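Engineer: Input structure: data.csv, which contains CSV, C-alpha atoms and all ligand atoms.
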```csv
chain,number,residue,atom,x,y,z
A,1,MET,CA,18.4,61.3,-23.4
A,2,LEU,CA,18.4,60.2,-19.7
A,3,ARG,CA,21.8,60.7,-18.0
A,4,LEU,CA,23.3,58.9,-15.0
A,5,PRO,CA,23.9,60.9,-11.9
A,6,GLY,CA,27.5,61.2,-10.6
A,7,PHE,CA,28.9,58.4,-8.4
A,8,GLU,CA,32.2,56.7,-7.7
A,9,VAL,CA,32.7,53.1,-8.8
A,10,ALA,CA,34.8,50.5,-6.9
A,11,THR,CA,35.8,47.1,-8.3
A,12,PRO,CA,36.8,44.8,-5.5
A,13,ARG,CA,38.1,41.3,-6.3
A,14,THR,CA,36.8,39.4,-3.2
A,15,ILE,CA,33.6,39.2,-1.3
A,16,ASP,CA,35.4,40.5,1.8
A,17,GLU,CA,36.8,43.6,0.0
A,18,ALA,CA,33.3,44.2,-1.4
A,19,ALA,CA,31.7,43.9,2.0
A,20,THR,CA,34.2,46.4,3.5
A,21,LEU,CA,33.4,48.9,0.7
A,22,LEU,CA,29.6,48.3,1.1
A,23,ALA,CA,29.8,49.2,4.8
A,24,ARG,CA,30.5,52.8,3.7
A,25,PRO,CA,27.4,55.1,4.0
A,26,GLY,CA,25.8,55.7,0.6
A,27,ALA,CA,27.3,52.6,-1.0
A,28,ARG,CA,25.3,50.3,-3.2
A,29,VAL,CA,26.0,46.9,-4.9
A,30,VAL,CA,25.9,46.7,-8.7
A,31,ALA,CA,26.1,43.4,-10.6
A,32,GLY,CA,25.0,43.5,-14.2
A,33,GLY,CA,23.5,46.9,-13.7
A,34,THR,CA,20.5,46.1,-16.0
A,35,ASP,CA,18.0,47.0,-13.2
A,36,LEU,CA,20.0,49.5,-11.1
A,37,LEU,CA,21.3,51.7,-13.9
A,38,PRO,CA,17.9,52.5,-15.5
A,39,ASN,CA,16.6,53.3,-11.9
A,40,LEU,CA,19.5,55.7,-11.4
A,41,LYS,CA,18.7,57.4,-14.7
A,42,HIS,CA,15.2,57.8,-13.4
A,43,ARG,CA,16.6,59.3,-10.2
A,44,LEU,CA,14.9,56.7,-8.0
A,45,GLU,CA,18.0,56.6,-5.9
A,46,GLN,CA,21.3,58.4,-5.8
A,47,PRO,CA,24.1,56.3,-4.2
A,48,SER,CA,27.5,58.0,-3.9
A,49,LEU,CA,29.5,54.8,-4.4
A,50,LEU,CA,28.7,51.7,-6.6
A,51,VAL,CA,30.4,48.6,-5.5
A,52,SER,CA,30.7,46.5,-8.7
A,53,LEU,CA,30.7,42.7,-8.3
A,54,ALA,CA,31.9,42.1,-11.8
A,55,ALA,CA,35.5,41.2,-10.8
A,56,VAL,CA,34.5,39.0,-7.8
A,57,ARG,CA,35.2,35.5,-9.2
A,58,GLU,CA,33.9,33.7,-6.0
A,59,LEU,CA,30.4,34.8,-7.0
A,60,GLY,CA,30.5,33.0,-10.4
A,61,GLU,CA,30.5,29.3,-9.4
A,62,VAL,CA,27.8,26.6,-9.9
A,63,VAL,CA,28.6,23.5,-7.8
A,64,VAL,CA,26.9,20.5,-6.4
A,65,ASP,CA,27.4,20.2,-2.6
A,66,ALA,CA,26.7,16.5,-2.3
A,67,ARG,CA,27.1,16.5,1.5
A,68,ALA,CA,24.5,19.2,2.0
A,69,GLY,CA,22.4,17.9,-0.9
A,70,VAL,CA,22.2,21.4,-2.5
A,71,LEU,CA,23.2,23.0,-5.8
A,72,ARG,CA,25.1,26.2,-4.9
A,73,ILE,CA,24.7,29.0,-7.5
A,74,GLY,CA,26.9,32.1,-7.1
A,75,ALA,CA,25.0,35.3,-7.1
A,76,GLY,CA,27.2,36.6,-9.9
A,77,VAL,CA,26.3,33.8,-12.3
A,78,THR,CA,24.7,35.4,-15.3
A,79,LEU,CA,21.1,34.5,-16.3
A,80,THR,CA,22.4,33.0,-19.6
A,81,ALA,CA,24.7,30.8,-17.6
A,82,VAL,CA,21.9,29.8,-15.2
A,83,SER,CA,19.6,28.9,-18.1
A,84,GLU,CA,22.3,26.9,-20.0
A,85,HIS,CA,24.2,25.3,-17.2
A,86,PRO,CA,24.1,21.5,-17.4
A,87,LEU,CA,23.7,21.1,-13.6
A,88,VAL,CA,20.8,23.5,-13.4
A,89,ARG,CA,19.1,22.0,-16.5
A,90,GLU,CA,19.5,18.5,-15.1
A,91,HIS,CA,18.4,19.1,-11.5
A,92,LEU,CA,16.3,22.3,-11.6
A,93,PRO,CA,14.8,22.6,-15.1
A,94,SER,CA,12.1,25.1,-14.0
A,95,LEU,CA,14.9,27.5,-12.8
A,96,ALA,CA,16.7,27.1,-16.1
A,97,ASP,CA,13.4,27.9,-17.9
A,98,ALA,CA,12.6,31.0,-15.8
A,99,ALA,CA,16.2,32.4,-16.1
A,100,GLY,CA,15.9,31.9,-19.9
A,101,ARG,CA,12.7,33.9,-20.0
A,102,VAL,CA,14.1,37.1,-18.4
A,103,ALA,CA,14.1,40.0,-20.8
A,104,SER,CA,16.3,39.4,-23.9
A,105,PRO,CA,19.6,37.5,-24.6
A,106,LEU,CA,21.7,40.7,-24.2
A,107,ILE,CA,20.2,41.5,-20.8
A,108,ARG,CA,20.6,37.9,-19.7
A,109,ASN,CA,24.2,38.0,-20.7
A,110,MET,CA,24.7,41.0,-18.3
A,111,GLY,CA,22.1,40.3,-15.7
A,112,THR,CA,22.9,38.0,-12.8
A,113,LEU,CA,21.0,35.7,-10.5
A,114,GLY,CA,21.8,37.9,-7.5
A,115,GLY,CA,20.5,41.0,-9.3
A,116,ASN,CA,17.4,39.1,-10.4
A,117,VAL,CA,16.6,38.0,-6.8
A,118,ASN,CA,17.3,41.6,-5.5
A,119,LEU,CA,15.5,43.3,-8.4
A,120,ASP,CA,13.8,46.4,-7.1
A,121,THR,CA,10.0,46.4,-7.0
A,122,ARG,CA,8.2,47.9,-10.0
A,123,CYS,CA,5.1,50.1,-10.3
A,124,ARG,CA,3.5,52.0,-13.2
A,125,TYR,CA,3.7,55.2,-11.1
A,126,VAL,CA,7.3,54.9,-10.2
A,127,ASN,CA,9.3,53.4,-13.1
A,128,GLN,CA,9.0,56.7,-14.9
A,129,THR,CA,11.3,59.7,-15.4
A,130,ALA,CA,11.6,62.2,-12.5
A,131,PHE,CA,9.8,64.7,-14.8
A,132,TRP,CA,6.8,62.3,-15.3
A,133,ARG,CA,6.6,61.6,-11.6
A,134,SER,CA,6.7,65.3,-10.7
A,135,ALA,CA,3.4,65.7,-12.6
A,136,ILE,CA,1.6,63.6,-10.1
A,137,GLY,CA,3.7,64.7,-7.1
A,138,GLY,CA,5.6,61.4,-6.7
A,139,CYS,CA,4.5,58.7,-4.3
A,140,LEU,CA,5.6,56.9,-1.1
A,141,LYS,CA,8.4,55.1,-3.1
A,142,SER,CA,9.7,58.3,-4.7
A,143,GLU,CA,9.3,62.0,-3.8
A,144,GLY,CA,5.7,62.0,-2.5
A,145,ASN,CA,3.7,60.9,0.4
A,146,VAL,CA,0.7,59.1,-1.1
A,147,CYS,CA,0.2,55.8,-2.9
A,148,HIS,CA,-1.7,56.0,-6.2
A,149,VAL,CA,-2.4,52.3,-6.3
A,150,VAL,CA,-3.9,52.0,-2.8
A,151,PRO,CA,-5.1,55.6,-2.0
A,152,GLY,CA,-4.8,56.1,1.8
A,153,GLY,CA,-2.4,53.1,2.0
A,154,ARG,CA,0.7,53.5,4.2
A,155,ASN,CA,2.7,50.7,2.6
A,156,CYS,CA,4.0,50.7,-1.0
A,157,VAL,CA,2.6,47.7,-2.9
A,158,ALA,CA,5.0,47.9,-5.9
A,159,ALA,CA,5.4,44.5,-7.5
A,160,MET,CA,8.1,41.9,-7.0
A,161,SER,CA,8.7,41.1,-10.7
A,162,SER,CA,11.6,38.7,-10.8
A,163,ASP,CA,11.1,35.7,-13.0
A,164,CYS,CA,13.5,33.5,-10.9
A,165,VAL,CA,12.1,34.2,-7.4
A,166,PRO,CA,8.8,32.3,-7.5
A,167,VAL,CA,10.6,29.3,-8.9
A,168,LEU,CA,13.4,29.5,-6.3
A,169,ILE,CA,10.8,29.7,-3.5
A,170,SER,CA,8.9,26.7,-4.9
A,171,LEU,CA,12.2,24.8,-4.8
A,172,GLU,CA,12.8,25.8,-1.2
A,173,ALA,CA,16.0,27.7,-2.0
A,174,ALA,CA,18.0,29.7,0.6
A,175,ALA,CA,20.1,32.8,0.3
A,176,VAL,CA,23.5,33.2,1.7
A,177,LEU,CA,24.3,36.8,2.8
A,178,ARG,CA,27.7,38.2,3.7
A,179,SER,CA,28.9,41.4,5.4
A,180,THR,CA,31.8,42.6,7.5
A,181,ALA,CA,29.8,41.2,10.5
A,182,GLY,CA,29.9,37.6,9.1
A,183,GLY,CA,27.4,35.6,7.1
A,184,ARG,CA,23.9,34.2,7.5
A,185,GLU,CA,21.7,31.8,5.5
A,186,LEU,CA,17.9,32.2,5.3
A,187,PRO,CA,15.1,30.6,3.2
A,188,LEU,CA,14.1,32.8,0.3
A,189,ALA,CA,10.5,32.3,1.5
A,190,GLU,CA,11.4,34.5,4.4
A,191,TYR,CA,13.5,37.0,2.4
A,192,PHE,CA,10.7,39.2,1.1
A,193,GLN,CA,8.4,41.6,3.0
A,194,ALA,CA,5.3,43.5,2.2
A,195,ASP,CA,6.7,47.0,1.6
A,196,GLY,CA,7.8,47.9,-1.9
A,197,ARG,CA,10.2,50.5,-0.6
A,198,GLU,CA,12.2,47.9,1.3
A,199,HIS,CA,10.9,44.6,0.1
A,200,THR,CA,13.7,42.3,1.4
A,201,VAL,CA,15.2,41.7,4.8
A,202,ARG,CA,18.7,42.2,3.4
A,203,ARG,CA,20.6,44.9,5.3
A,204,PRO,CA,22.2,47.6,3.0
A,205,ASP,CA,25.7,46.4,4.1
A,206,GLU,CA,25.0,42.7,3.1
A,207,ILE,CA,26.0,41.1,-0.2
A,208,MET,CA,24.1,38.1,-1.5
A,209,ALA,CA,26.8,35.6,-2.1
A,210,GLU,CA,25.0,32.6,-3.3
A,211,ILE,CA,21.7,30.8,-3.7
A,212,ARG,CA,21.4,27.2,-2.4
A,213,VAL,CA,18.8,25.0,-3.9
A,214,PRO,CA,18.0,21.5,-2.5
A,215,LEU,CA,18.6,18.8,-5.0
A,216,PRO,CA,15.5,16.7,-5.8
A,217,THR,CA,15.3,13.6,-3.6
A,218,GLY,CA,12.6,11.8,-5.6
A,219,PRO,CA,10.5,12.1,-8.8
A,220,ARG,CA,8.9,15.4,-9.4
A,221,ARG,CA,7.6,17.8,-12.1
A,222,CYS,CA,8.1,21.5,-12.0
A,223,ALA,CA,7.0,24.3,-14.3
A,224,TYR,CA,7.2,28.1,-14.6
A,225,SER,CA,4.8,30.3,-16.6
A,226,LYS,CA,4.7,34.0,-17.1
A,227,TRP,CA,2.4,36.3,-18.9
A,228,SER,CA,3.8,39.4,-20.5
A,229,VAL,CA,2.6,41.5,-23.4
A,230,ARG,CA,5.7,41.2,-25.6
A,231,LYS,CA,7.1,37.7,-25.8
A,232,SER,CA,10.6,39.0,-26.9
A,233,ILE,CA,11.5,41.3,-24.0
A,234,ASP,CA,9.2,42.0,-21.1
A,235,PHE,CA,8.7,41.8,-17.4
A,236,PRO,CA,6.0,39.3,-16.2
A,237,LEU,CA,2.6,40.8,-15.5
A,238,VAL,CA,1.7,37.7,-13.7
A,239,SER,CA,3.9,34.7,-13.0
A,240,ILE,CA,3.5,31.3,-11.4
A,241,ALA,CA,5.9,28.5,-10.3
A,242,LEU,CA,4.6,25.0,-9.7
A,243,ARG,CA,6.3,22.0,-8.1
A,244,PHE,CA,4.8,18.5,-7.7
A,245,ASP,CA,6.5,15.7,-5.9
A,246,LEU,CA,5.3,12.4,-7.2
A,247,ALA,CA,5.1,8.8,-5.9
A,248,ALA,CA,6.7,7.5,-9.1
A,249,ASP,CA,8.4,9.0,-12.1
A,250,ALA,CA,5.3,9.3,-14.3
A,251,VAL,CA,2.6,12.0,-14.7
A,252,ASP,CA,-0.1,9.5,-13.8
A,253,ALA,CA,1.6,8.9,-10.4
A,254,ALA,CA,0.1,10.2,-7.3
A,255,ILE,CA,1.1,13.7,-6.1
A,256,THR,CA,2.8,13.5,-2.7
A,257,ALA,CA,3.5,17.2,-2.2
A,258,VAL,CA,2.7,20.4,-4.0
A,259,ARG,CA,4.0,24.0,-3.9
A,260,VAL,CA,2.6,26.9,-5.9
A,261,VAL,CA,4.2,30.4,-5.8
A,262,VAL,CA,2.8,33.4,-7.6
A,263,GLY,CA,4.7,36.6,-8.5
A,264,VAL,CA,3.9,40.2,-9.5
A,265,LEU,CA,1.0,40.6,-7.0
A,266,GLY,CA,2.6,42.9,-4.4
A,267,SER,CA,6.0,43.4,-3.0
A,268,ARG,CA,6.5,39.8,-2.0
A,269,PRO,CA,5.7,36.5,-3.7
A,270,ARG,CA,2.6,34.6,-2.6
A,271,GLU,CA,2.5,31.0,-1.7
A,272,VAL,CA,-0.9,29.4,-2.6
A,273,THR,CA,-2.3,27.4,0.3
A,274,GLN,CA,-5.1,24.8,0.9
A,275,LEU,CA,-4.0,22.5,-1.9
A,276,ASP,CA,-4.4,19.3,0.1
A,277,ALA,CA,-7.3,18.1,-2.1
A,278,VAL,CA,-4.8,17.2,-4.9
A,279,ILE,CA,-2.5,15.1,-2.6
A,280,GLY,CA,-2.9,11.5,-3.6
A,281,GLN,CA,-4.4,12.4,-7.0
A,282,PRO,CA,-2.6,11.6,-10.3
A,283,LEU,CA,-1.0,14.8,-11.8
A,284,SER,CA,-2.5,13.9,-15.2
A,285,ASP,CA,-6.1,14.0,-13.8
A,286,PRO,CA,-7.7,17.1,-15.3
A,287,LYS,CA,-9.4,17.8,-12.0
A,288,VAL,CA,-6.0,18.5,-10.5
A,289,ALA,CA,-5.4,21.4,-12.9
A,290,GLU,CA,-8.9,22.7,-12.3
A,291,ALA,CA,-8.6,22.5,-8.5
A,292,ILE,CA,-5.2,24.3,-8.4
A,293,ALA,CA,-6.3,27.0,-10.9
A,294,ALA,CA,-9.4,27.6,-8.7
A,295,ARG,CA,-7.2,28.0,-5.5
A,296,VAL,CA,-4.9,30.4,-7.4
A,297,HIS,CA,-7.8,32.5,-8.6
A,298,ALA,CA,-9.4,32.6,-5.2
A,299,GLN,CA,-6.3,33.6,-3.3
A,300,CYS,CA,-4.4,35.9,-5.7
A,301,LYS,CA,-5.8,39.3,-6.4
A,302,PRO,CA,-3.5,41.5,-8.5
A,303,LEU,CA,-3.4,45.2,-7.9
A,304,GLU,CA,-3.3,48.1,-10.4
A,305,ASN,CA,0.5,48.4,-9.8
A,306,VAL,CA,1.8,47.3,-13.2
A,307,PRO,CA,0.2,47.7,-16.6
A,308,TYR,CA,-3.0,45.9,-17.6
A,309,GLU,CA,-6.2,45.7,-15.6
A,310,ALA,CA,-6.0,43.8,-12.4
A,311,PRO,CA,-9.1,41.6,-13.0
A,312,TYR,CA,-7.7,40.6,-16.4
A,313,ARG,CA,-4.4,39.7,-14.9
A,314,ARG,CA,-6.2,37.6,-12.3
A,315,GLU,CA,-8.0,35.6,-15.1
A,316,MET,CA,-4.6,35.2,-16.8
A,317,LEU,CA,-3.1,33.7,-13.7
A,318,ALA,CA,-5.7,30.9,-13.7
A,319,VAL,CA,-5.2,30.4,-17.5
A,320,HIS,CA,-1.4,30.1,-17.0
A,321,THR,CA,-1.8,27.7,-14.2
A,322,ARG,CA,-3.9,25.3,-16.3
A,323,ARG,CA,-1.6,25.7,-19.3
A,324,ALA,CA,1.6,25.0,-17.2
A,325,ILE,CA,0.1,21.8,-15.8
A,326,ALA,CA,-1.2,20.7,-19.2
A,327,ARG,CA,2.3,21.2,-20.5
A,328,LEU,CA,3.8,19.1,-17.8
A,329,VAL,CA,1.3,16.3,-18.5
A,330,ALA,CA,1.9,16.5,-22.2
A,331,GLU,CA,5.7,16.2,-21.7
A,332,GLY,CA,5.1,13.0,-19.7
A,401,LIG,C1,14.1,46.1,-20.8
A,401,LIG,C2,14.3,45.2,-19.6
A,401,LIG,C3,13.5,44.1,-19.5
A,401,LIG,C4,13.6,43.3,-18.3
A,401,LIG,N1,12.8,42.2,-18.2
A,401,LIG,C5,12.9,41.4,-17.1
A,401,LIG,C6,12.1,40.2,-17.1
A,401,LIG,O1,11.4,39.8,-18.0
A,401,LIG,N2,12.2,39.5,-15.9
A,401,LIG,C7,13.0,39.8,-14.9
A,401,LIG,O2,13.0,39.1,-13.9
A,401,LIG,N3,13.8,40.9,-14.9
A,401,LIG,C8,13.8,41.7,-16.0
A,401,LIG,N4,14.5,42.8,-16.1
A,401,LIG,C9,15.3,43.3,-15.0
A,401,LIG,C10,16.8,42.8,-14.9
A,401,LIG,O3,17.4,42.9,-16.2
A,401,LIG,C11,17.0,41.4,-14.4
A,401,LIG,O4,16.2,41.2,-13.2
A,401,LIG,C12,18.4,41.1,-14.0
A,401,LIG,O5,18.5,39.8,-13.5
A,401,LIG,C13,19.0,42.0,-12.9
A,401,LIG,O6,20.3,41.6,-12.7
A,401,LIG,P1,21.6,42.6,-12.6
A,401,LIG,O7,22.8,41.7,-12.3
A,401,LIG,O8,21.7,43.4,-13.9
A,401,LIG,O9,21.1,43.5,-11.4
A,401,LIG,P2,21.6,44.9,-11.0
A,401,LIG,O10,20.9,45.9,-11.9
A,401,LIG,O11,23.1,45.0,-11.0
A,401,LIG,O12,21.1,45.0,-9.5
A,401,LIG,C14,19.7,44.9,-9.3
A,401,LIG,C15,19.5,45.1,-7.8
A,401,LIG,O13,20.0,44.0,-7.1
A,401,LIG,C16,21.0,44.4,-6.2
A,401,LIG,N5,22.1,43.4,-6.2
A,401,LIG,C17,22.6,42.9,-7.4
A,401,LIG,N6,23.5,41.9,-7.0
A,401,LIG,C18,23.4,41.8,-5.7
A,401,LIG,C19,24.1,40.9,-4.8
A,401,LIG,N7,24.9,40.0,-5.1
A,401,LIG,N8,23.8,41.1,-3.4
A,401,LIG,C20,22.9,42.0,-3.0
A,401,LIG,N9,22.3,42.9,-3.9
A,401,LIG,C21,22.5,42.7,-5.2
A,401,LIG,C22,21.5,45.8,-6.7
A,401,LIG,O14,22.0,46.6,-5.6
A,401,LIG,C23,20.2,46.4,-7.2
A,401,LIG,O15,19.4,46.9,-6.2
A,401,LIG,C24,14.5,43.7,-17.3
A,401,LIG,C25,15.3,44.8,-17.4
A,401,LIG,C26,15.2,45.6,-18.6
A,401,LIG,C27,16.0,46.8,-18.7
A,402,LIG,S1,2.6,51.1,-5.1
A,402,LIG,FE1,2.0,53.1,-4.5
A,402,LIG,S2,3.8,53.9,-3.2
A,402,LIG,FE2,4.4,52.0,-4.3
A,402,LIG,S3,5.4,52.8,-6.2
A,402,LIG,FE3,3.3,52.4,-6.7
A,402,LIG,S4,2.2,54.3,-6.4
A,402,LIG,FE4,4.2,54.5,-5.4
```
Please rewrite the model in this file as structure tokens.

Structural biologist:
Amino acid sequence: MLRLPGFEVATPRTIDEAATLLARPGARVVAGGTDLLPNLKHRLEQPSLLVSLAAVRELGEVVVDARAGVLRIGAGVTLTAVSEHPLVREHLPSLADAAGRVASPLIRNMGTLGGNVNLDTRCRYVNQTAFWRSAIGGCLKSEGNVCHVVPGGRNCVAAMSSDCVPVLISLEAAAVLRSTAGGRELPLAEYFQADGREHTVRRPDEIMAEIRVPLPTGPRRCAYSKWSVRKSIDFPLVSIALRFDLAADAVDAAITAVRVVVGVLGSRPREVTQLDAVIGQPLSDPKVAEAIAARVHAQCKPLENVPYEAPYRREMLAVHTRRAIARLVAEG
């Protein structure tokens, strides 16, 4: 049996109290604990204080801010609530879908949106027991000084494996961070960086308070697709979020804008570029799905950081791109 290391736990009731506690050296935020606690059992980190957000009610709201034109979702809202909330389902169906695909019902009842966005990066060489890792001498992200995925590499390329993040970026969401020094808002597209040891720009003393997602201003179709081995409970091995803005509310209407974001490649999600050829084309035109799948395949090269061979995962990305668009077209 794997045991937790020793640590203190504090249960503040407000964001300000939580921020004051988090400013202490060695402190760490915990929300649902479904990612952090297994990592502590694996001794991937050893904080002296866990600042639990479970009693911070301010983090649990989902509200429309009509003036700003955004849906504000508290970082402490559970994934079950995100997937079932009427406002999320009405305005952001691809986010509801992605949240509802995380892990299993029990984990979604505990896991939060803030925890999902800040989920630690994952790698087949690091999400192991300390005993297993000691057999290979650790790696840059644990006790060692080499990378087993990119030998000679100086950065860790562990995978950003959150289901919600690619969708949130495709919807142009922003994160609101709070600390004792004040607050700041930044686009999620700028939140992640290419080092799996420190894959976000969040400072250790900052709490993610909420996610702000712009409300749709015109007709659009969005989809999320993930490939994982077990359908019942598993991290994605590749994932893709698609958003098409349309000239009218029908799948044979012309595409006016497109965003495609891919997850589980390296430590930050990748936005697929050079999609201009599909602008002006009807979403239902089979050439659109082919063109986007070709760009995804050309630009996204998975690494051997999570299970399953990278070339196979690359093929699956193109397959899932086509399937996601076919689903959108079939749904009308
Ligand atoms: C068996 C299993 C299967 C899983 N499958 C999936 C899956 O398919 N897809 C997927 O995306 N995830 C999966 N997960 C990971 C995890 O359950 C989810 O990502 C969940 O949303 C994490 O939320 P949490 O509240 O439990 O986070 P926690 O474990 O509490 O925290 C995760 C990280 O986020 C930080 N954090 C949490 N809240 C905040 C905040 N408000 N501000 C700043 N930092 C914060 C913590 O410090 C920690 O580093 C799985 C986990 C398990 C155990
Ligand atoms: S990508 Fe390399 S450094 Fe990062 S966890 Fe995996 S083996 Fe370690």

Engineer: In terms of the shortest atom-to-atom distance over all atoms listed in the file, which of A:His199, A:Arg124, A:Lys231, A:Arg212 is closest to His148 (chain A)?

Structural biologist: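 Smallest distance to His148 (chain A) is found for A:Arg124.
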
Engineer: Which one of A:Ile136, A:Met110, A:Leu168, A:Ala291 sits closest to Gly76 (chain A) if you count only C-alpha atoms?

Structural biologist: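 Closest candidate: A:Met110.
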
Engineer: Could you check the closest approach to Pro93 (chain A) for each of A:Arg243, A:Ser48, A:Lys141, A:Gly33 and tell me which residue wins, using only C-alpha atoms?

Structural biologist: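 Counting only C-alpha atoms, the residue closest to Pro93 (chain A) is A:Arg243.
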
Engineer: Could you list, as a list of chain:residue names, all protein and nucleic acid residues with an atom at most 8 Å from ligand LIG 402 (chain A), counting all atoms listed in the file?

Structural biologist: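 Using all atoms listed in the file, I find these residues within 8 Å of ligand LIG 402 (chain A): A:Thr121, A:Arg122, A:Cys123, A:Arg124, A:Tyr125, A:Val126, A:Asn127, A:Gly138, A:Cys139, A:Leu140, A:Lys141, A:Ser142, A:Asn145, A:Val146, A:Cys147, A:His148, A:Val149, A:Val150, A:Pro151, A:Gly153, A:Asn155, A:Cys156, A:Val157, A:Ala158, A:Ala159, A:Gly196, A:Arg197, A:Asn305.
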
Engineer: Taking only residues of chain A that have an atom at most 6 Å from an atom of ligand LIG 401 (chain A), what is each one's shortest atom pair and its distance in Å to one decimal, using only C-alpha atoms and all ligand atoms, in chain and number order, as a tab-separated table?

Structural biologist:
```
residue	atom	partner	partner_atom	distance
A:Arg28	CA	A:LIG401	O14	5.5
A:Val29	CA	A:LIG401	O14	4.1
A:Val30	CA	A:LIG401	O11	4.0
A:Ala31	CA	A:LIG401	O11	3.4
A:Gly32	CA	A:LIG401	O8	3.3
A:Gly33	CA	A:LIG401	O10	3.3
A:Thr34	CA	A:LIG401	O8	3.6
A:Asp35	CA	A:LIG401	O10	3.4
A:Leu36	CA	A:LIG401	O10	3.8
A:Ala75	CA	A:LIG401	N7	5.1
A:Val102	CA	A:LIG401	O1	3.8
A:Ala103	CA	A:LIG401	N1	3.6
A:Ile107	CA	A:LIG401	O3	5.6
A:Met110	CA	A:LIG401	O8	5.8
A:Gly111	CA	A:LIG401	O8	3.6
A:Thr112	CA	A:LIG401	O7	3.7
A:Leu113	CA	A:LIG401	O5	5.7
A:Gly114	CA	A:LIG401	N6	4.4
A:Gly115	CA	A:LIG401	O9	3.3
A:Asn116	CA	A:LIG401	O5	3.4
A:Asn118	CA	A:LIG401	O13	4.0
A:Leu119	CA	A:LIG401	C15	4.4
A:Asp120	CA	A:LIG401	O15	5.7
A:Ser161	CA	A:LIG401	O2	5.7
A:Ser162	CA	A:LIG401	O2	3.4
A:Asp163	CA	A:LIG401	O2	4.0
A:Ile207	CA	A:LIG401	N8	3.9
A:Met208	CA	A:LIG401	N8	3.6
A:Ala209	CA	A:LIG401	N7	5.7
A:Ile233	CA	A:LIG401	C3	5.7
A:Asp234	CA	A:LIG401	O1	4.4
A:Phe235	CA	A:LIG401	O1	3.4
A:Pro236	CA	A:LIG401	O1	5.7
```

Engineer: Rank A:Pro86, A:Pro166, A:Gly332, A:Pro214 by their smallest atom-to-atom distance to Val262 (chain A), using only C-alpha atoms, and report the top residue only.

Structural biologist: A:Pro166

Engineer: Excluding Thr11 (chain A) and residues on its chain fewer than 6 positions from it, collect all residues at most 10 Å away from it, counting all atoms listed in the file, and give them as a PDB file with C-alpha atoms, keeping the file's coordinate frame.

Structural biologist:
```
ATOM      1  CA  GLU A  17      36.800  43.600   0.000  1.00  0.00           C
ATOM      2  CA  ALA A  18      33.300  44.200  -1.400  1.00  0.00           C
ATOM      3  CA  LEU A  21      33.400  48.900   0.700  1.00  0.00           C
ATOM      4  CA  VAL A  30      25.900  46.700  -8.700  1.00  0.00           C
ATOM      5  CA  LEU A  50      28.700  51.700  -6.600  1.00  0.00           C
ATOM      6  CA  VAL A  51      30.400  48.600  -5.500  1.00  0.00           C
ATOM      7  CA  SER A  52      30.700  46.500  -8.700  1.00  0.00           C
ATOM      8  CA  LEU A  53      30.700  42.700  -8.300  1.00  0.00           C
ATOM      9  CA  ALA A  54      31.900  42.100 -11.800  1.00  0.00           C
ATOM     10  CA  ALA A  55      35.500  41.200 -10.800  1.00  0.00           C
ATOM     11  CA  VAL A  56      34.500  39.000  -7.800  1.00  0.00           C
TER      12      VAL A  56
END
```

Engineer: I need the residue nearest Ala19 (chain A) from this list: A:Gln274, A:Ser232, A:Ser267, A:Ser179. Use all atoms listed in the file for the distance.

Structural biologist: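 Of A:Gln274, A:Ser232, A:Ser267, A:Ser179, the one nearest Ala19 (chain A) is A:Ser179, counting all atoms listed in the file.
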
Engineer: Find the residues around Val64 (chain A) up to 12 Å (all atoms listed in the file counted), leave out those fewer than 2 positions away in its own chain, and share them as a list in words.

Structural biologist: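 With the cut-off at 12 Å, the set is Glu61, Val62, Ala66, Arg67, Ala68, Gly69, Val70, Leu71, Arg72, Ile73, Gly74, Pro86, Leu87, Val88, Glu90, His91, Leu92, Ile211, Arg212, Val213, Pro214 and Leu215 of chain A.
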
Engineer: Find the distance between CA of Arg259 (chain A) and CA of Pro311 (chain A) and write it in Å to one decimal.

Structural biologist: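 Here the two named atoms are 23.8 Å from each other.
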
Engineer: List the spatial neighbours of Ile240 (chain A) as a list in words - criterion: any atom at most 9 Å away, only C-alpha atoms, same-chain residues fewer than 5 positions off excluded.

Structural biologist: Asp163, Pro166, Val167, Ala223, Tyr224, Ser225, Lys226, Val260, Val261, Val262, Gly263, Leu317, His320, Thr321 and Ala324 of chain A

Engineer: CA of Leu265 (chain A) and CA of Ile169 (chain A), how far apart in Å?

Structural biologist: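 Between CA of Ile169 (chain A) and CA of Leu265 (chain A) the gap works out to 15.1 Å.
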